[in-house]
Structure formats: C-alpha cells, structure tokens
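Note sheet for the following structure.
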Amino acid sequence: MNNRLAKSGAPPSPRPVEQVRAAENYPVALRVLPARLRGHLHALYGYARYVDDLGDEPVAPGVDRLAALDAFEAELRDLYAGRLIHHPVLRGLAPTVVECRLPMEPLSRLIEANRVDQRVTRYATFAELLDYCKLSANPVGELVLRVLRQADAQSIAWSDQICTALQIVEHLQDIGEDHERGRIYLPTEELTRFGVAEAELAAATASPGLRSLVRMQAQRARLQIEAGRPLIGALHGWARVAVAGYLAGGLATLDALARADHDPLRRPVRPTRRRVLTHCAAAIGRRRR
C-alpha cells in the first residue's frame, strides 16, 4: 500500500456488483449475454465504479484522494508489468485485461478524470465539458468494444458520441447531488444564457430557467445518441445486443426527464425497465429491417 495512504486512512472498499448495478441507468451486462462475456463486462464495470468512488464517495478522515488515485494507478501499472497485485478490483480485472487484450491507456484516462474532479468544479463552456467527457466517459465505450472484440477506429468514434451523450444525461439527473459535492457540470455560459443562478441548483424544484436549460441539454444529448446510432448496425452478434442496451438506457432516461418536465430536483429521475427494453428492441430491430 502507498505509504501516504497508510498514514492517512483507507480509500473506499469495492462495492458489491449488485449494489452498484442497481444505481445505474444502463444495463452493463444484459442477462441474455453469455456468462463469460457478462463476467468481463462486470469486471470492467467494477473497475470504473471503484475509480469513481475514489474520486467521489466518503472516505476515512484525512485521506488524500489524489494520493489514493495515484496509488491505484501505480498498482494498475504493476498489473500491466506482470508484477504481483493485491487490490481486489484489479485482481478481478486481470483476466479480462489478458484475455481481451485491453490497453492500459483508456483505463488510465478514467483515473485522470477523477483527478480532474479534485481540481475542477466548474466548466465555462460546453467544449470544456466535452473535453472532460473524453476522460470520464469515452474510455468506457472503447473498453466495452474491445471486450466485444469489435473495436475499430470508426466504431470507437461512434461509441464516443454515445458515451459523451450518456455522461451528459447522467449529469442532468444528478444536478442536485453534484451541487452538494461542490461540482457543477452545466456550462457556466449556458447557466448565464438561461438566467440560472448557481443557488437554484440546490432548490427543491427546478426553476423555469433551469428546466429550459435541462430541456436544451437533453435534446442535444438525444441528437448525439442518434449520431452514434450507426454503431449498432456496424456490430454483429452479442455486441449488437450489448451496445443497444447502453443506447436504450440513455434514451429511456431522456424519456424519464421529459415525463418529469425536465425537473431533476423534485424527485430522482430514473428510466423504467419497460422503456429500456422498448428502445433496445427498436435499436436491434431497425438494423434487422
């Protein structure tokens, strides 16, 4: 263990897959997928969630989050160097790294995204937010495609469109929660344009201006998902089913936002399973036609 961590406390323990799976919009490994493929996707998901927890979740008093992230990345490098590793998340990921030949770079980008979260709490423009999504969201799609053995340059480009949109959708869901943590993922220039003060993000319900901003962001995210939809048609076999599930989760969440009149503050906005399945079937069926 990194000495700095040993002196200051411990980072969060890995959460059970069942617990973190229930909190997400997107089916990480649909039950219809083969067990071995589900196992690889769950290992990848466990890694991504744990890195997020290092950056977000409560930890022991005095824990330096940047030190925790550095220590975890050092052990990730040990994994790729063939050295002995002890961390349970990385030990769970190791067979997937070997069998699916995952590169380290996208895994490292997820760690860097959480370093950014320790330094940056506001984004002036939408372009700056997109740059953040290149670290926090797009690597997940690339890694999923590599697990599915269908990661070419064009597929990754389409995946980036979808993953960025899914990240923005999650930001819209979590406006209040993020504000409590001192972070705002709505671009400052857009808050100003819609006349939304930061204090409004802590209200019990969204103001008309905030609802208009969320509606605009949601429409933009939907268009971005559609821009990445050709990925479904380019995939084959179980890969098509798996990725259609991710796309469907995003669209179903946008449907839930619309039903809530684009107010994510009044109550949690979550997609229904029925809408996810409807969008998933439509995505797969469109390709077949």
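Identifiers in the structure tokens: chain A, B, ... in order shown; residue index from 1 per chain; ligand index from 1 in order shown.
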
All residues 12 Å or closer to A:Leu44, only C-alpha atoms, same chain fewer than 3 positions away omitted, as an MDAnalysis selection string: chainID A and resid 17 28:29 37:41 47:51 89:97 100 102 106:107 110 139:148

Which residues, written as a compact mmCIF listing (two decimals) with N, CA, C and O atoms, in the first residue's frame, have at least one atom at most 8 Å from A:Phe194, with only C-alpha atoms counted and residues fewer than 2 positions away on the same chain left out?
# COMPACT_ATOMS: atom_id res chain seq x y z
N GLU A 190 -23.90 28.61 -20.33
CA GLU A 190 -25.29 28.22 -20.56
C GLU A 190 -26.16 28.57 -19.35
O GLU A 190 -27.34 28.94 -19.51
N LEU A 191 -25.62 28.47 -18.14
CA LEU A 191 -26.36 28.94 -16.97
C LEU A 191 -26.68 30.42 -17.12
O LEU A 191 -27.80 30.87 -16.85
N THR A 192 -25.70 31.19 -17.58
CA THR A 192 -25.90 32.62 -17.77
C THR A 192 -26.94 32.88 -18.86
O THR A 192 -27.83 33.72 -18.71
N VAL A 196 -29.91 31.26 -15.01
CA VAL A 196 -29.95 30.36 -13.85
C VAL A 196 -28.79 30.68 -12.92
O VAL A 196 -27.62 30.63 -13.32
N GLY A 209 -36.19 28.59 -15.73
CA GLY A 209 -34.96 28.72 -16.49
C GLY A 209 -34.14 27.45 -16.48
O GLY A 209 -33.59 27.04 -17.51
N LEU A 210 -34.06 26.81 -15.31
CA LEU A 210 -33.28 25.57 -15.23
C LEU A 210 -33.94 24.46 -16.03
O LEU A 210 -33.26 23.69 -16.71
N SER A 212 -35.67 24.85 -18.70
CA SER A 212 -35.38 25.13 -20.11
C SER A 212 -33.96 24.72 -20.48
O SER A 212 -33.72 24.18 -21.56
N LEU A 213 -33.02 24.95 -19.56
CA LEU A 213 -31.64 24.55 -19.80
C LEU A 213 -31.52 23.03 -19.87
O LEU A 213 -30.86 22.50 -20.77

Those of stretch 17-236 of chain A in DSSP helix (DSSP H, G or I), formatted as a ChimeraX atom specification: /A:17-22,35-56,65-81,88-100,104-119,126-136,138-147,153-173,175-180,188-193,198-202,208-228,230-234

Coordinates-based distance that separates atom CA of A:Ala127 from atom CA of A:Pro187 (Å, one decimal):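 Going from atom CA of A:Pro187 over to atom CA of A:Ala127 covers 8.8 Å.
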
Pairwise distance for atom CA of A:Asp261 and atom CA of A:Glu200, rounded to one decimal in Å: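 Going from atom CA of A:Asp261 over to atom CA of A:Glu200 covers 16.4 Å.
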
Pairwise distance for atom CA of A:Gln219 and atom CA of A:Arg240, rounded to one decimal in Å: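 One can read the atom CA of A:Gln219 to atom CA of A:Arg240 distance as 24.5 Å.
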
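Distance annotation: of A:Val98, A:Leu172, A:Ala68, A:Val276, the residue with the minimal separation from A:Asp53 is A:Ala68; atom set is only C-alpha atoms.
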
Selection: 6 Å around A:Cys280, only C-alpha atoms, excl. self and same-chain fewer than 6 positions, as an NGL selection string: :A and (244-245 or 248)

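Among the candidates A:Asp52, A:Gly176, A:Glu170, A:Glu73, the residue lying nearest to A:Asp117 is A:Asp52 (atoms considered: only C-alpha atoms).
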
Shortest interatomic distance to A:Ile225 - which of A:Ile162, A:Ala137, A:Ala256, A:Ala151, counting only C-alpha atoms: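 Among A:Ile162, A:Ala137, A:Ala256, A:Ala151, it is A:Ile162 that comes nearest to A:Ile225.
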
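Nearest residue to A:Arg119 among A:Leu66, A:Leu186, A:Ala282, A:Leu254 is A:Leu66, counting only C-alpha atoms.
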
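Closest approach to A:Arg65 among A:Gly237, A:Val116, A:Pro103, A:Thr205 is made by A:Val116 (distances from only C-alpha atoms).
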
A:Arg229 surroundings by only C-alpha atoms, 10 Å radius, close-in-sequence under 6 positions cut, as a VMD selection string: chain A and resid 158 to 159 161 to 162 223 243 to 244 247 283

Those residues with N, CA, C and O atoms, as a short mmCIF file (atom, residue, chain, number, x, y, z; two decimals), in the first residue's frame please?
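Output saved as out.cif:
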data_model
loop_
_atom_site.label_atom_id
_atom_site.label_comp_id
_atom_site.auth_asym_id
_atom_site.auth_seq_id
_atom_site.Cartn_x
_atom_site.Cartn_y
_atom_site.Cartn_z
N TRP A 158 -18.02 6.36 -33.19
CA TRP A 158 -19.46 6.34 -32.91
C TRP A 158 -19.71 6.13 -31.41
O TRP A 158 -20.59 6.76 -30.83
N SER A 159 -18.94 5.24 -30.82
CA SER A 159 -19.09 4.98 -29.39
C SER A 159 -18.83 6.24 -28.57
O SER A 159 -19.52 6.50 -27.58
N GLN A 161 -19.48 9.26 -29.40
CA GLN A 161 -20.69 10.08 -29.46
C GLN A 161 -21.72 9.62 -28.43
O GLN A 161 -22.30 10.42 -27.69
N ILE A 162 -21.94 8.32 -28.40
CA ILE A 162 -22.94 7.77 -27.47
C ILE A 162 -22.51 7.98 -26.02
O ILE A 162 -23.30 8.42 -25.18
N LEU A 223 -29.75 14.03 -29.79
CA LEU A 223 -29.18 14.14 -31.13
C LEU A 223 -27.81 13.47 -31.19
O LEU A 223 -27.45 12.83 -32.19
N VAL A 243 -24.50 -3.29 -26.87
CA VAL A 243 -24.40 -1.85 -27.10
C VAL A 243 -25.78 -1.24 -27.28
O VAL A 243 -26.03 -0.10 -26.86
N ALA A 244 -26.70 -1.98 -27.89
CA ALA A 244 -28.08 -1.48 -27.98
C ALA A 244 -28.65 -1.24 -26.60
O ALA A 244 -29.45 -0.30 -26.39
N LEU A 247 -27.37 2.22 -25.40
CA LEU A 247 -28.09 3.28 -26.10
C LEU A 247 -29.51 3.39 -25.58
O LEU A 247 -30.03 4.50 -25.35
N ALA A 283 -33.80 -0.58 -31.40
CA ALA A 283 -32.46 -0.40 -31.96
C ALA A 283 -32.02 -1.65 -32.73
O ALA A 283 -31.48 -1.57 -33.84
#
